[in-house]
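The file model35.txt contains compact mmCIF, C-alpha atoms and all ligand atoms:
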# COMPACT_ATOMS: atom_id res chain seq x y z
CA MET A 1 15.18 28.97 -5.93
CA THR A 2 16.90 31.68 -7.98
CA ASP A 3 16.33 35.43 -7.57
CA ASP A 4 14.92 35.46 -11.08
CA GLN A 5 12.33 32.83 -10.16
CA LEU A 6 11.40 34.77 -7.03
CA GLN A 7 10.97 37.95 -9.07
CA GLN A 8 8.79 36.11 -11.61
CA ALA A 9 6.59 34.73 -8.82
CA ARG A 10 6.29 38.17 -7.21
CA GLN A 11 5.30 39.68 -10.57
CA TYR A 12 2.55 37.10 -11.05
CA LEU A 13 1.21 37.94 -7.58
CA ALA A 14 1.56 41.70 -8.09
CA ALA A 15 -0.65 41.44 -11.18
CA ALA A 16 -3.17 39.05 -9.59
CA ARG A 17 -6.68 39.95 -8.43
CA ARG A 18 -7.70 36.45 -7.32
CA VAL A 19 -5.37 34.08 -5.44
CA VAL A 20 -5.88 30.53 -4.17
CA VAL A 21 -3.32 29.13 -1.72
CA PHE A 22 -3.40 25.32 -1.73
CA THR A 23 -1.50 23.88 1.24
CA GLY A 24 -0.39 20.52 2.54
CA ALA A 25 1.50 19.16 5.53
CA GLY A 26 4.76 20.83 4.41
CA ILE A 27 3.54 24.33 5.30
CA SER A 28 3.30 23.16 8.92
CA ALA A 29 6.61 21.24 8.93
CA GLU A 30 8.58 24.23 10.29
CA SER A 31 6.06 24.51 13.10
CA GLY A 32 7.18 21.03 14.13
CA VAL A 33 4.22 19.10 12.70
CA PRO A 34 5.33 15.75 11.21
CA THR A 35 4.47 15.41 7.52
CA PHE A 36 2.63 12.35 6.23
CA ARG A 37 5.33 10.94 4.07
CA GLY A 38 8.31 11.97 6.06
CA LYS A 39 10.48 9.48 7.97
CA ASP A 40 8.29 9.72 11.11
CA ALA A 41 5.05 8.89 9.31
CA THR A 42 4.18 5.71 11.27
CA TRP A 43 2.47 5.07 14.62
CA LYS A 44 2.40 1.80 16.52
CA GLY A 45 3.91 0.24 13.39
CA MET A 46 1.01 1.52 11.24
CA PRO A 47 1.61 3.91 8.32
CA ALA A 48 -0.28 7.19 8.84
CA ALA A 49 -2.55 6.33 5.89
CA VAL A 50 -3.71 3.18 7.74
CA ALA A 51 -4.10 4.88 11.12
CA SER A 52 -6.11 7.61 9.34
CA SER A 53 -8.35 5.21 7.44
CA ILE A 54 -12.09 4.66 7.71
CA GLY A 55 -11.28 0.96 8.01
CA LEU A 56 -9.48 1.42 11.31
CA LEU A 57 -12.16 3.73 12.70
CA GLU A 58 -14.93 1.29 11.85
CA GLN A 59 -12.97 -1.62 13.28
CA ASP A 60 -11.64 0.08 16.42
CA LEU A 61 -12.90 3.56 17.31
CA THR A 62 -10.81 3.71 20.48
CA THR A 63 -7.52 3.00 18.65
CA ALA A 64 -8.48 5.57 16.01
CA TRP A 65 -8.98 8.07 18.82
CA GLU A 66 -5.63 7.11 20.39
CA TRP A 67 -3.95 8.03 17.06
CA PHE A 68 -5.73 11.35 16.81
CA ASP A 69 -5.25 12.18 20.48
CA TYR A 70 -1.54 11.39 20.09
CA ARG A 71 -1.40 13.86 17.20
CA ARG A 72 -3.41 16.47 19.11
CA THR A 73 -0.90 16.15 21.94
CA LEU A 74 1.95 16.78 19.46
CA LEU A 75 0.06 19.76 18.06
CA LYS A 76 -0.89 21.27 21.42
CA THR A 77 2.30 23.33 21.63
CA VAL A 78 2.91 24.12 17.94
CA VAL A 79 2.39 27.62 16.62
CA PRO A 80 2.02 29.07 13.12
CA ASN A 81 5.31 29.70 11.32
CA PRO A 82 6.24 32.66 9.04
CA ALA A 83 4.61 30.94 6.06
CA HIS A 84 1.18 30.69 7.74
CA ILE A 85 1.51 34.28 8.95
CA ALA A 86 2.51 35.63 5.53
CA VAL A 87 -0.49 33.88 3.95
CA ALA A 88 -2.83 35.31 6.60
CA GLN A 89 -1.44 38.83 6.17
CA ALA A 90 -1.79 38.65 2.38
CA GLU A 91 -5.52 37.87 2.55
CA THR A 92 -6.75 41.48 2.45
CA ARG A 93 -4.40 42.54 -0.35
CA PHE A 94 -6.35 40.83 -3.11
CA GLU A 95 -9.88 41.09 -4.48
CA ASP A 96 -10.35 37.37 -3.81
CA PHE A 97 -8.11 35.26 -1.59
CA LEU A 98 -8.81 31.72 -0.43
CA VAL A 99 -6.78 29.16 1.48
CA VAL A 100 -7.61 25.59 0.48
CA THR A 101 -5.87 23.33 2.95
CA GLN A 102 -5.46 19.57 3.22
CA ASN A 103 -4.22 20.06 6.76
CA VAL A 104 -6.29 19.41 9.86
CA ASP A 105 -3.99 21.21 12.33
CA GLY A 106 -5.87 24.53 12.45
CA LEU A 107 -2.62 26.53 12.07
CA HIS A 108 -3.98 28.72 9.24
CA GLN A 109 -6.80 29.84 11.55
CA LYS A 110 -4.33 30.40 14.42
CA ALA A 111 -2.24 32.60 12.08
CA GLY A 112 -5.30 34.76 11.38
CA SER A 113 -6.52 33.47 8.00
CA GLN A 114 -10.29 33.98 7.66
CA ARG A 115 -11.06 32.63 4.17
CA ILE A 116 -10.28 28.92 4.47
CA ILE A 117 -11.66 25.66 3.11
CA GLU A 118 -10.53 22.66 5.15
CA LEU A 119 -10.83 19.84 2.63
CA HIS A 120 -9.95 17.20 5.21
CA GLY A 121 -11.65 18.57 8.35
CA ASN A 122 -10.10 19.69 11.62
CA ILE A 123 -8.40 17.65 14.35
CA TRP A 124 -9.71 19.97 17.10
CA ARG A 125 -13.33 18.94 16.47
CA GLY A 126 -15.31 15.78 17.15
CA ARG A 127 -18.48 14.68 15.34
CA GLY A 128 -21.40 12.61 16.58
CA LEU A 129 -21.31 9.13 15.02
CA ARG A 130 -25.09 9.08 14.75
CA THR A 131 -26.15 12.72 14.53
CA GLY A 132 -23.13 14.19 12.74
CA LYS A 133 -23.29 17.07 15.23
CA ARG A 134 -19.91 18.80 15.59
CA TYR A 135 -18.27 19.59 18.94
CA PRO A 136 -15.08 21.41 19.89
CA LEU A 137 -12.94 18.87 21.71
CA PRO A 138 -12.01 19.61 25.33
CA GLU A 139 -8.50 19.42 26.72
CA THR A 140 -5.77 17.29 25.20
CA PRO A 141 -5.25 14.40 25.93
CA LEU A 142 -8.91 13.45 26.19
CA PRO A 143 -9.95 12.07 29.59
CA THR A 144 -11.97 9.21 28.06
CA LEU A 145 -11.97 7.62 24.61
CA PRO A 146 -14.13 7.92 22.62
CA PRO A 147 -15.27 11.36 23.80
CA ARG A 148 -19.02 11.73 24.14
CA GLY A 149 -21.44 14.40 22.94
CA ASP A 150 -25.03 15.15 23.97
CA HIS A 151 -27.02 12.20 25.27
CA ASP A 152 -23.71 10.36 25.67
CA GLU A 153 -23.36 9.94 21.90
CA PRO A 154 -19.91 8.59 20.96
CA LEU A 155 -17.92 11.02 18.80
CA ARG A 156 -15.42 10.44 16.00
CA PRO A 157 -12.66 12.82 14.88
CA ASP A 158 -14.13 15.47 12.53
CA VAL A 159 -11.56 14.73 9.84
CA VAL A 160 -11.83 13.05 6.42
CA LEU A 161 -10.25 9.63 6.65
CA PHE A 162 -8.73 7.73 3.74
CA GLY A 163 -11.62 6.01 1.99
CA GLU A 164 -14.13 8.69 2.94
CA MET A 165 -15.81 11.38 0.86
CA LEU A 166 -14.80 14.99 1.48
CA PRO A 167 -17.26 17.30 3.25
CA ALA A 168 -20.21 18.07 0.95
CA GLY A 169 -19.49 21.10 -1.18
CA ALA A 170 -15.96 21.72 0.11
CA PHE A 171 -14.15 20.28 -2.92
CA GLU A 172 -16.62 21.83 -5.36
CA GLU A 173 -16.23 25.31 -3.78
CA ALA A 174 -12.44 24.97 -3.84
CA GLU A 175 -12.46 23.78 -7.45
CA ILE A 176 -14.60 26.74 -8.56
CA ALA A 177 -12.26 29.19 -6.80
CA ALA A 178 -9.24 27.50 -8.38
CA SER A 179 -10.80 27.73 -11.84
CA ARG A 180 -11.33 31.49 -11.37
CA CYS A 181 -8.03 32.49 -9.80
CA ASP A 182 -5.13 34.29 -11.47
CA VAL A 183 -2.48 32.63 -9.30
CA CYS A 184 -2.59 29.33 -7.38
CA LEU A 185 0.20 28.89 -4.83
CA VAL A 186 0.87 25.22 -4.05
CA ILE A 187 2.73 25.07 -0.73
CA GLY A 188 4.10 21.97 0.98
CA THR A 189 2.23 19.14 -0.65
CA SER A 190 3.40 15.95 -2.31
CA GLY A 191 0.29 16.05 -4.48
CA VAL A 192 -0.49 12.34 -4.03
CA VAL A 193 -3.79 12.57 -2.17
CA TYR A 194 -6.93 12.80 -4.29
CA PRO A 195 -9.30 14.43 -5.00
CA ALA A 196 -7.48 17.32 -3.22
CA ALA A 197 -4.53 17.13 -5.63
CA LEU A 198 -6.89 18.05 -8.49
CA ILE A 199 -7.13 21.64 -7.21
CA PRO A 200 -3.86 22.91 -8.75
CA PHE A 201 -4.87 21.29 -12.06
CA ALA A 202 -8.21 23.13 -12.02
CA ALA A 203 -6.27 26.39 -11.71
CA ARG A 204 -3.75 25.47 -14.41
CA ASP A 205 -6.43 24.25 -16.83
CA ALA A 206 -8.26 27.56 -16.42
CA GLY A 207 -5.09 29.51 -17.32
CA ALA A 208 -3.85 30.51 -13.87
CA ALA A 209 -0.16 30.71 -12.99
CA VAL A 210 0.51 27.77 -10.66
CA ILE A 211 3.51 28.25 -8.38
CA GLU A 212 4.86 25.44 -6.18
CA VAL A 213 6.87 25.98 -2.99
CA ASN A 214 8.62 22.80 -1.83
CA PRO A 215 12.18 21.73 -0.91
CA GLU A 216 11.70 18.71 -3.20
CA SER A 217 10.18 18.06 -6.61
CA THR A 218 6.79 16.35 -6.51
CA ASP A 219 4.21 14.72 -8.79
CA LEU A 220 2.92 18.25 -9.40
CA THR A 221 6.25 19.81 -10.38
CA PRO A 222 6.10 18.98 -14.12
CA HIS A 223 2.74 20.76 -14.33
CA MET A 224 3.72 23.95 -12.50
CA THR A 225 4.32 27.37 -14.07
CA LEU A 226 7.11 27.86 -11.51
CA SER A 227 8.53 25.50 -8.90
CA LEU A 228 10.41 27.31 -6.12
CA ARG A 229 12.79 24.96 -4.32
CA GLY A 230 13.02 25.72 -0.65
CA ARG A 231 11.18 25.82 2.66
CA ALA A 232 7.84 27.57 2.99
CA GLY A 233 8.99 29.59 6.01
CA ASP A 234 11.84 31.08 3.95
CA ILE A 235 10.06 31.60 0.62
CA VAL A 236 6.42 32.50 1.30
CA PRO A 237 7.11 35.72 3.26
CA ARG A 238 9.30 36.87 0.32
CA LEU A 239 6.52 36.22 -2.19
CA PHE A 240 4.22 38.72 -0.52
CA GLY A 241 6.72 40.97 1.25
C1 LIG B 301 -11.71 9.67 -1.49
C2 LIG B 301 -7.08 13.86 7.32
C3 LIG B 301 -13.49 8.74 -2.61
C4 LIG B 301 -6.74 12.70 8.21
C5 LIG B 301 -6.21 13.27 5.12
C6 LIG B 301 -5.37 5.74 -6.02
C7 LIG B 301 -5.45 6.84 -6.84
C8 LIG B 301 -6.18 7.97 -6.48
C9 LIG B 301 -6.83 8.00 -5.26
C10 LIG B 301 -6.73 6.91 -4.44
C11 LIG B 301 -6.01 5.77 -4.80
N1 LIG B 301 -6.11 4.89 -3.78
C12 LIG B 301 -6.85 5.42 -2.79
C13 LIG B 301 -7.24 6.62 -3.20
C14 LIG B 301 -8.07 7.55 -2.49
C15 LIG B 301 -7.29 8.28 -1.39
C16 LIG B 301 -5.92 8.73 -1.82
O1 LIG B 301 -5.77 9.73 -2.49
N2 LIG B 301 -4.89 7.96 -1.38
C17 LIG B 301 -3.54 8.31 -1.75
C18 LIG B 301 -2.62 8.11 -0.55
C19 LIG B 301 -3.13 7.47 -2.95
N3 LIG B 301 -8.09 9.44 -1.14
C20 LIG B 301 -9.11 9.32 -0.29
O2 LIG B 301 -9.40 8.32 0.33
C21 LIG B 301 -9.96 10.58 -0.17
N4 LIG B 301 -11.32 10.22 -0.36
O3 LIG B 301 -11.00 9.45 -2.43
O4 LIG B 301 -13.00 9.33 -1.44
C22 LIG B 301 -14.62 7.90 -2.27
C23 LIG B 301 -15.46 7.58 -3.26
C24 LIG B 301 -16.53 6.81 -2.98
C25 LIG B 301 -16.75 6.37 -1.69
C26 LIG B 301 -15.87 6.69 -0.67
C27 LIG B 301 -14.78 7.46 -0.95
C28 LIG B 301 -9.81 11.18 1.21
C29 LIG B 301 -8.38 11.61 1.44
C30 LIG B 301 -8.30 12.40 2.74
C31 LIG B 301 -7.42 11.67 3.73
N5 LIG B 301 -7.23 12.50 4.92
N6 LIG B 301 -6.10 14.00 6.24
C32 LIG B 301 -5.48 12.94 8.98
O5 LIG B 301 -4.90 14.04 8.89
O6 LIG B 301 -5.07 12.01 9.67
S1 LIG B 301 -5.03 13.42 3.92
C33 LIG B 301 -3.50 13.65 4.62
O7 LIG B 301 -2.57 13.61 3.53
C34 LIG B 301 -3.24 15.00 5.24
O8 LIG B 301 -4.36 15.85 5.25
C35 LIG B 301 -2.16 15.59 4.35
O9 LIG B 301 -2.17 16.94 4.24
C36 LIG B 301 -2.55 14.95 3.10
C37 LIG B 301 -1.81 15.06 1.87
O10 LIG B 301 -0.45 14.89 2.09
P1 LIG B 301 0.48 16.19 1.99
O11 LIG B 301 -0.20 17.33 2.66
O12 LIG B 301 0.89 16.40 0.60
O13 LIG B 301 1.66 15.75 2.92
P2 LIG B 301 2.92 14.86 2.53
O14 LIG B 301 3.56 14.45 3.80
O15 LIG B 301 2.52 13.84 1.51
O16 LIG B 301 3.89 15.87 1.75
C38 LIG B 301 4.46 16.95 2.44
C39 LIG B 301 5.20 17.77 1.41
O17 LIG B 301 5.74 18.91 2.08
C40 LIG B 301 6.35 17.03 0.76
O18 LIG B 301 6.31 17.24 -0.65
C41 LIG B 301 7.60 17.71 1.35
O19 LIG B 301 8.66 17.78 0.42
C42 LIG B 301 7.07 19.10 1.64
N7 LIG B 301 7.76 19.82 2.70
C43 LIG B 301 8.44 19.32 3.76
N8 LIG B 301 8.94 20.35 4.50
C44 LIG B 301 8.57 21.50 3.88
C45 LIG B 301 7.81 21.18 2.75
N9 LIG B 301 7.30 22.10 1.92
C46 LIG B 301 7.55 23.40 2.22
N10 LIG B 301 8.26 23.81 3.30
C47 LIG B 301 8.78 22.88 4.14
N11 LIG B 301 9.50 23.29 5.21

Can you present the structure in this file as structure tokens?
Ligand code: BV8
Amino acid sequence: MTDDQLQQARQYLAAARRVVVFTGAGISAESGVPTFRGKDATWKGMPAAVASSIGLLEQDLTTAWEWFDYRRTLLKTVVPNPAHIAVAQAETRFEDFLVVTQNVDGLHQKAGSQRIIELHGNIWRGRGLRTGKRYPLPETPLPTLPPRGDHDEPLRPDVVLFGEMLPAGAFEEAEIAASRCDVCLVIGTSGVVYPAALIPFAARDAGAAVIEVNPESTDLTPHMTLSLRGRAGDIVPRLFG
């Protein structure tokens, strides 16, 4: 990222009234959370996309829970990094400010963000298989798998698995916000997972400045107003600072 690019990005934000921050696994990488398509993206020989699929859950709920409990154990000690914190602190500086995250790690909330749409759910919650009732999950690792809710109802992770619809209304609310914003920051995503990856396009198509923060170029890069090469923890605090 050049100083000129940083200045351009800061000018877009300085003039903005409405901001959407679209995040993926890369914003949590510096907190020590493995990304999906990094080198460590397999478990018991399964790619993450298979372990996180509705097919596995329907076939073997206990193994699906072992995968998610393994990840919860990894996440138990991680904390928000300067990128999450800068996003949280920026929230009150704009007329409208919304975080739209693909992540399920809860780090935006831990950093203090209030206005968040979790497109893919949250790993710290379980959901009744029959009732759909949501429960905060107790300690990690879970004592028994699958965890149970009221009336001994088996729970599933309250996340959106590959092959599943997103939570009702979540994508639509995010898409409306993206189509109204002045600036859409796109932080730490490879832009390969749909329909989430449509969010930056909704912003661009409505005339917003779309600014990517990523050490690598991605499928989204050719469509960005600006693409800032570098790590979120280094760049994001300087965008708002
Ligand atoms: C659906 C919860 C419809 C679970 C997740 C072909 C074309 C289009 C779509 C599809 C297709 N084939 C299949 C589909 C559908 C599928 C999909 O998109 N698959 C992809 C893989 C091709 N989508 C779905 O299934 C969705 N549902 O389509 O339903 C439907 C219709 C009818 C009936 C039924 C269904 C549901 C998708 C949701 C899946 N769940 N998470 C869990 O967490 O286990 S998605 C999962 O991937 C995570 O949430 C993650 O965030 C997300 C996206 O990945 P990224 O966040 O981008 O992470 P990634 O590792 O890829 O990239 C990290 C980036 O960070 C990299 O660019 C890297 O360079 C960068 N980075 C690294 N370090 C840093 C950094 N950036 C900044 N700073 C750093 N330090």

Protein and nucleic residues near ligand LIG 301 (chain B), 6 Å, all atoms listed in the file, as a VMD selection string: chain A and resid 24 to 27 29 to 30 35 to 38 52 102 to 104 120 159 to 165 187 to 195 213 to 216 218 231 to 232

Atomic separation - atom CA of Asp69 of chain A relative to atom CA of Arg127 of chain A, Å: 14.4 Å

Two-atom distance - atom CA of Pro167 of chain A, atom CA of Ala202 of chain A (Å): 18.7 Å

For Phe240 of chain A, the nearest of the candidates A:Glu139, A:Glu91, A:Asp105, A:Glu212, counting all atoms listed in the file: A:Glu91

From A:Ala51, A:Asp182, A:Gly132, A:Gly169, residue lying nearest Asp150 of chain A [all atoms listed in the file]: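 Going through A:Ala51, A:Asp182, A:Gly132, A:Gly169 one by one, the smallest distance to Asp150 of chain A is for A:Gly132.
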
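Among A:Ala177, A:Val87, A:Ala208, A:Leu56, the residue with the shortest atom-to-atom distance to Arg238 of chain A, counting all atoms listed in the file, is A:Val87.
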
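Nearest residue to Leu74 of chain A, choosing from A:Met46, A:Gly106, A:Ala178, A:Thr140 and counting all atoms listed in the file: A:Thr140.
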
Minimum-distance residue to Cys181 of chain A, chosen among A:Leu57, A:Val79, A:Val99, A:Leu228 (using all atoms listed in the file): A:Val99

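Picture a line from atom CA of Asp96 of chain A to atom CA of Gln109 of chain A; it runs 17.5 Å.
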
Nearby residues (all atoms listed in the file) at most 12 Å from Asp4 of chain A, same-chain spacing under 5 positions excluded, as number ranges by chain: A: 9-11, 226, 228

Polymer residues at most 12 Å from (-24.5, 15.8, 13.1) by only C-alpha atoms, as a count of residues only: 17

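Closest approach to Trp67 of chain A from the set A:Ile123, A:Ile85, A:Leu107, A:Ile116 is made by A:Ile123, with distances taken over only C-alpha atoms.
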
Would you mind listing, for every residue of segment 110-177 of chain A within 12 Å of segment 16-21 of chain A, the two atoms forming the shortest contact and the distance between them in Å to one decimal, using only C-alpha atoms, sorted by chain and ascending residue number, as CSV?
residue,atom,partner,partner_atom,distance
A:Ser113,CA,A:Val21,CA,11.1
A:Arg115,CA,A:Val20,CA,10.0
A:Ile116,CA,A:Val21,CA,9.3
A:Ile117,CA,A:Val21,CA,10.2
A:Glu118,CA,A:Val21,CA,11.9
A:Glu173,CA,A:Val20,CA,11.6
A:Ala174,CA,A:Val20,CA,8.6
A:Glu175,CA,A:Val20,CA,10.0
A:Ile176,CA,A:Val20,CA,10.5
A:Ala177,CA,A:Val20,CA,7.0

Spatial neighbours of Pro143 of chain A, max dist 12 Å, all atoms listed in the file, sep filter under 6 positions, as a ChimeraX atom specification: /A:65-66,69,137

Output as an mmCIF file, in the frame of the given file: segment 52-79 of chain A, completed with N, CA and C atoms.
data_model
loop_
_atom_site.group_PDB
_atom_site.id
_atom_site.type_symbol
_atom_site.label_atom_id
_atom_site.label_comp_id
_atom_site.auth_asym_id
_atom_site.auth_seq_id
_atom_site.Cartn_x
_atom_site.Cartn_y
_atom_site.Cartn_z
ATOM 1 N N SER A 52 -5.095 6.601 9.697
ATOM 2 C CA SER A 52 -6.110 7.610 9.340
ATOM 3 C C SER A 52 -7.072 7.057 8.300
ATOM 4 N N SER A 53 -7.432 5.792 8.435
ATOM 5 C CA SER A 53 -8.350 5.210 7.440
ATOM 6 C C SER A 53 -9.717 4.941 8.060
ATOM 7 N N ILE A 54 -10.730 4.954 7.224
ATOM 8 C CA ILE A 54 -12.090 4.660 7.710
ATOM 9 C C ILE A 54 -12.145 3.210 8.195
ATOM 10 N N GLY A 55 -11.302 2.369 7.596
ATOM 11 C CA GLY A 55 -11.280 0.960 8.010
ATOM 12 C C GLY A 55 -10.922 0.797 9.464
ATOM 13 N N LEU A 56 -9.887 1.533 9.908
ATOM 14 C CA LEU A 56 -9.480 1.420 11.310
ATOM 15 C C LEU A 56 -10.565 1.975 12.230
ATOM 16 N N LEU A 57 -11.134 3.106 11.826
ATOM 17 C CA LEU A 57 -12.160 3.730 12.700
ATOM 18 C C LEU A 57 -13.350 2.792 12.868
ATOM 19 N N GLU A 58 -13.761 2.188 11.763
ATOM 20 C CA GLU A 58 -14.930 1.290 11.850
ATOM 21 C C GLU A 58 -14.629 0.025 12.650
ATOM 22 N N GLN A 59 -13.370 -0.372 12.598
ATOM 23 C CA GLN A 59 -12.970 -1.620 13.280
ATOM 24 C C GLN A 59 -12.685 -1.364 14.762
ATOM 25 N N ASP A 60 -12.102 -0.158 15.028
ATOM 26 C CA ASP A 60 -11.640 0.080 16.420
ATOM 27 C C ASP A 60 -11.604 1.579 16.690
ATOM 28 N N LEU A 61 -12.765 2.099 17.085
ATOM 29 C CA LEU A 61 -12.900 3.560 17.310
ATOM 30 C C LEU A 61 -11.924 4.052 18.362
ATOM 31 N N THR A 62 -11.707 3.256 19.396
ATOM 32 C CA THR A 62 -10.810 3.710 20.480
ATOM 33 C C THR A 62 -9.382 3.859 19.974
ATOM 34 N N THR A 63 -8.889 2.886 19.201
ATOM 35 C CA THR A 63 -7.520 3.000 18.650
ATOM 36 C C THR A 63 -7.417 4.186 17.702
ATOM 37 N N ALA A 64 -8.486 4.397 16.904
ATOM 38 C CA ALA A 64 -8.480 5.570 16.010
ATOM 39 C C ALA A 64 -8.351 6.838 16.835
ATOM 40 N N TRP A 65 -9.084 6.885 17.957
ATOM 41 C CA TRP A 65 -8.980 8.070 18.820
ATOM 42 C C TRP A 65 -7.595 8.182 19.468
ATOM 43 N N GLU A 66 -6.985 7.047 19.801
ATOM 44 C CA GLU A 66 -5.630 7.110 20.390
ATOM 45 C C GLU A 66 -4.671 7.771 19.401
ATOM 46 N N TRP A 67 -4.807 7.428 18.115
ATOM 47 C CA TRP A 67 -3.950 8.030 17.060
ATOM 48 C C TRP A 67 -4.194 9.537 16.980
ATOM 49 N N PHE A 68 -5.459 9.924 16.946
ATOM 50 C CA PHE A 68 -5.730 11.350 16.810
ATOM 51 C C PHE A 68 -5.421 12.122 18.076
ATOM 52 N N ASP A 69 -5.575 11.479 19.233
ATOM 53 C CA ASP A 69 -5.250 12.180 20.480
ATOM 54 C C ASP A 69 -3.742 12.313 20.630
ATOM 55 N N TYR A 70 -3.017 11.310 20.116
ATOM 56 C CA TYR A 70 -1.540 11.390 20.090
ATOM 57 C C TYR A 70 -1.129 12.596 19.249
ATOM 58 N N ARG A 71 -1.771 12.735 18.082
ATOM 59 C CA ARG A 71 -1.400 13.860 17.200
ATOM 60 C C ARG A 71 -1.811 15.186 17.802
ATOM 61 N N ARG A 72 -2.987 15.226 18.461
ATOM 62 C CA ARG A 72 -3.410 16.470 19.110
ATOM 63 C C ARG A 72 -2.417 16.863 20.191
ATOM 64 N N THR A 73 -1.881 15.846 20.884
ATOM 65 C CA THR A 73 -0.900 16.150 21.940
ATOM 66 C C THR A 73 0.368 16.764 21.333
ATOM 67 N N LEU A 74 0.779 16.211 20.163
ATOM 68 C CA LEU A 74 1.950 16.780 19.460
ATOM 69 C C LEU A 74 1.659 18.215 19.018
ATOM 70 N N LEU A 75 0.419 18.458 18.638
ATOM 71 C CA LEU A 75 0.060 19.760 18.060
ATOM 72 C C LEU A 75 -0.234 20.817 19.116
ATOM 73 N N LYS A 76 -0.411 20.355 20.352
ATOM 74 C CA LYS A 76 -0.890 21.270 21.420
ATOM 75 C C LYS A 76 0.034 22.474 21.576
ATOM 76 N N THR A 77 1.330 22.250 21.364
ATOM 77 C CA THR A 77 2.300 23.330 21.630
ATOM 78 C C THR A 77 2.783 24.016 20.353
ATOM 79 N N VAL A 78 2.352 23.527 19.177
ATOM 80 C CA VAL A 78 2.910 24.120 17.940
ATOM 81 C C VAL A 78 2.194 25.441 17.630
ATOM 82 N N VAL A 79 2.938 26.301 16.974
ATOM 83 C CA VAL A 79 2.390 27.620 16.620
ATOM 84 C C VAL A 79 2.610 27.860 15.128
#
